[in-house]
Amino acid sequence: MYTKKKSRLVFLLVFGMISFSTFAQETPLSMAKPIEGKENWQAEIPRPKQDLIAADKLAALRKKTGKKPNILWFLIDDMGYGDPGFNGGGASIGAATPHMDRLAKEGLKLTSTYSQPTCTPTRSAILTGRIPARTGLTRPILAGDKLTKNPWTDEMSLPAILSQAGYSTVLTGKWHIGELEGMRPFEVGFDEYYGYYAAEKEISQSFDKRRYPDLVLDPFKLNAYQQMGASKDLVYGKKGGKEELVKETTGTQDMAQADQVLKEFSLKKIKEFAQSGKPFFLEHSFMKVHTDVWASKEFEGKSASKYPYKDGIVEVDAIIGEIVAELEKQGLLENTFIFITSDNGPQMDAWPDSGFTPFRGTKGSAWEGGTRVPGVAYWKGMIGPGRESAELFDLMDLYNTSAYIAGALDLIPTDRPIDGINQTSFLLADDGQSKRDRIHTWVETQLVSIRLHEYKMYFQVTESQDPHLMIDQSTVTKTGLAPWLFNLYLDPKESRVMGHALSPWTAVLAAEAKYHAASFRKFPPKDVGLGQ
Ligand code: CA
């Protein structure tokens, strides 16, 4: 019976003839249910008991402080799952991370946290709660791209929600979700923005003559590159105001110091927040440790390894320590929800001075190595110390969770699919469990894999002829007669397909793909000119 059903589903899936007419019932193996009145949102596993515990904890804190809680995200660029000590890296791979390790130890370590495969998709997904294929922000917006519409105009960004809920909202650091007028952080919901729009390498390569002499030492080529118009300078913007130049970037030394400069801004804002008494949402978004990494003056040679990437890890860790210490000094720590993560897996094309993941694949792919990222939830007095969970957490869940913590869940639109889940009770209840049992991974405009419980199925795979060149020298192919299925408990490195050894789950995941795809039929993806 199962086998017959399975082979039919697999056949339909492989040949792209999925019938949507049966979309309605949930996937077998799932306990998740749509929330009443929010049927367009991702279904959740009901956890009423822990929801009450979390609500009571929040109410008690509110009574004590008289204020809404603050929200602080640390978003590190391209840090690998295995880089921080709390995930087995740290000092053992030449770059100790005592500050992050302490926060992980005194908070909740989430060992199954998932990002999107690259920067722009993750950064947009966590601020919209939506899979990038829905919003059109499927890949980095590059100089020369002709956008057909501003993807933000009909999105409800988290900072817009939190502003309505009375918060000060600030983004410090890297943006990378569009630098055209109308798409910049202070135009899409943040009160203030202080940072660099582009990624480290996009800025630094026009100054790095040792690595790119053919560009930097050739005036014609350099001029042509600069004519493409990518932003390279440190800028400031305030809601309703104009972009201001803070500092022109004149060399790689500016990139080396960038995170120190950004840190000073966040420290200054925290002092101001303490003065104003207004609740705040601060997204501190590092430039490091995206390639190419230059150590700052303060951190050169500070890692045991002495290599720039590793010095960068030590620096990022120290900055997190300093910012958290400032919160404590200002008396804000106990009223601040903190989350530490990376926007995607390590970029291994820059190997050997690059990140580390114990999993297969790297940034750019849907493999565990590309999308399974470090995750730490810390909240002094609110999240029990020493907790660890392997249950699923999607970084998009930060959208709903942060809105709920701010008492603003009702401001999330119900007229469209929302892929994030409010995971507050998973994080706050001492024995809280995840309300999510599946992760959908899209690479640009394609649904590439689905994880349901410990089973992960691929409809396309990224493969490389060189283990380190997953971006530069890789091919993406559709799987053959059957999708590739792995059991991540038995085979966390996804080394051998076991679809026919564990065949029932192939059918279950194929059914989930069908269920998920149906929501895209009901709500067609937005085309903003980046490809659909
Ligand atoms: Ca990134």
# chains A, B, ... in the order shown; residues from 1 in each chain; ligands from 1

call {"tool": "residues_around", "arguments": {"residues": "Ser425 (chain A)", "least_positions_apart": "6", "cutoff": "10 Å", "atoms": "only C-alpha atoms", "output": "list in words"}}
result
Arg47, Pro48, Lys49, Gln50, Asp51, Leu52, Ile53, Ala54, Ala55, Lys57, Thr401, Asp431, Gly432, Gln433, Ser434 and Lys435 of chain A

call {"tool": "residues_near_ligand", "arguments": {"ligand": "ligand 1", "cutoff": "9 Å", "atoms": "only C-alpha atoms and all ligand atoms", "output": "PyMOL selection string"}}
result
chain A and resi 76-79+117-120+122-123+199+289-290+342-347+363

call {"tool": "select_by_dssp", "arguments": {"residues": "region 3-249 of chain A", "states": "strand (DSSP E)", "output": "PyMOL selection string"}}
result
chain A and resi 70-76+108-110+113-114+168-173+192-195+234-238+244-247

call {"tool": "residues_around", "arguments": {"residues": "Pro358 (chain A)", "least_positions_apart": "6", "cutoff": "10 Å", "atoms": "only C-alpha atoms", "output": "PyMOL selection string"}}
result
chain A and resi 80-83+87-89+368-369+492-493

call {"tool": "closest_residue", "arguments": {"among": "A:His99, A:His516, A:Lys109, A:Lys232", "to": "Arg387 (chain A)", "atoms": "only C-alpha atoms"}}
result
A:Lys109

call {"tool": "closest_residue", "arguments": {"among": "A:Val448, A:Tyr193, A:Thr357, A:Phe281", "to": "Val246 (chain A)", "atoms": "only C-alpha atoms"}}
result
A:Tyr193

call {"tool": "residues_around", "arguments": {"residues": "Lys456 (chain A)", "least_positions_apart": "5", "cutoff": "7 Å", "atoms": "only C-alpha atoms", "output": "list in words"}}
result
Ser449, Ile450, Arg451, Leu485, Phe486 and Asn487 of chain A

call {"tool": "closest_residue", "arguments": {"among": "A:Leu395, A:Ile338, A:Ala507, A:Ala198", "to": "Trp379 (chain A)", "atoms": "only C-alpha atoms"}}
result
A:Ile338

call {"tool": "closest_residue", "arguments": {"among": "A:Thr172, A:Gly381, A:Tyr197, A:Ser92", "to": "Glu334 (chain A)", "atoms": "only C-alpha atoms"}}
result
A:Gly381

call {"tool": "residues_around", "arguments": {"residues": "Tyr399 (chain A)", "least_positions_apart": "5", "cutoff": "7 Å", "atoms": "only C-alpha atoms", "output": "tab-separated table (two decimals) with N, CA and C atoms, in the first residue's frame"}}
result
chain	number	residue	atom	x	y	z
A	126	ILE	N	14.45	37.09	7.52
A	126	ILE	CA	14.27	37.30	8.96
A	126	ILE	C	13.54	38.62	9.25
A	127	LEU	N	13.56	39.54	8.28
A	127	LEU	CA	12.86	40.82	8.49
A	127	LEU	C	11.46	40.83	7.91
A	128	THR	N	11.10	39.78	7.12
A	128	THR	CA	9.75	39.72	6.55
A	128	THR	C	8.99	38.47	7.03
A	129	GLY	N	9.72	37.52	7.61
A	129	GLY	CA	9.09	36.27	8.03
A	129	GLY	C	8.68	35.40	6.86
A	158	LEU	N	9.78	43.68	10.02
A	158	LEU	CA	9.76	43.61	11.49
A	158	LEU	C	10.00	44.99	12.12
A	420	GLY	N	7.58	32.13	9.05
A	420	GLY	CA	8.13	32.07	10.39
A	420	GLY	C	7.08	31.57	11.37

call {"tool": "closest_residue", "arguments": {"among": "A:Gln42, A:Asn422, A:Thr250, A:Asn150", "to": "Ile131 (chain A)", "atoms": "only C-alpha atoms"}}
result
A:Gln42
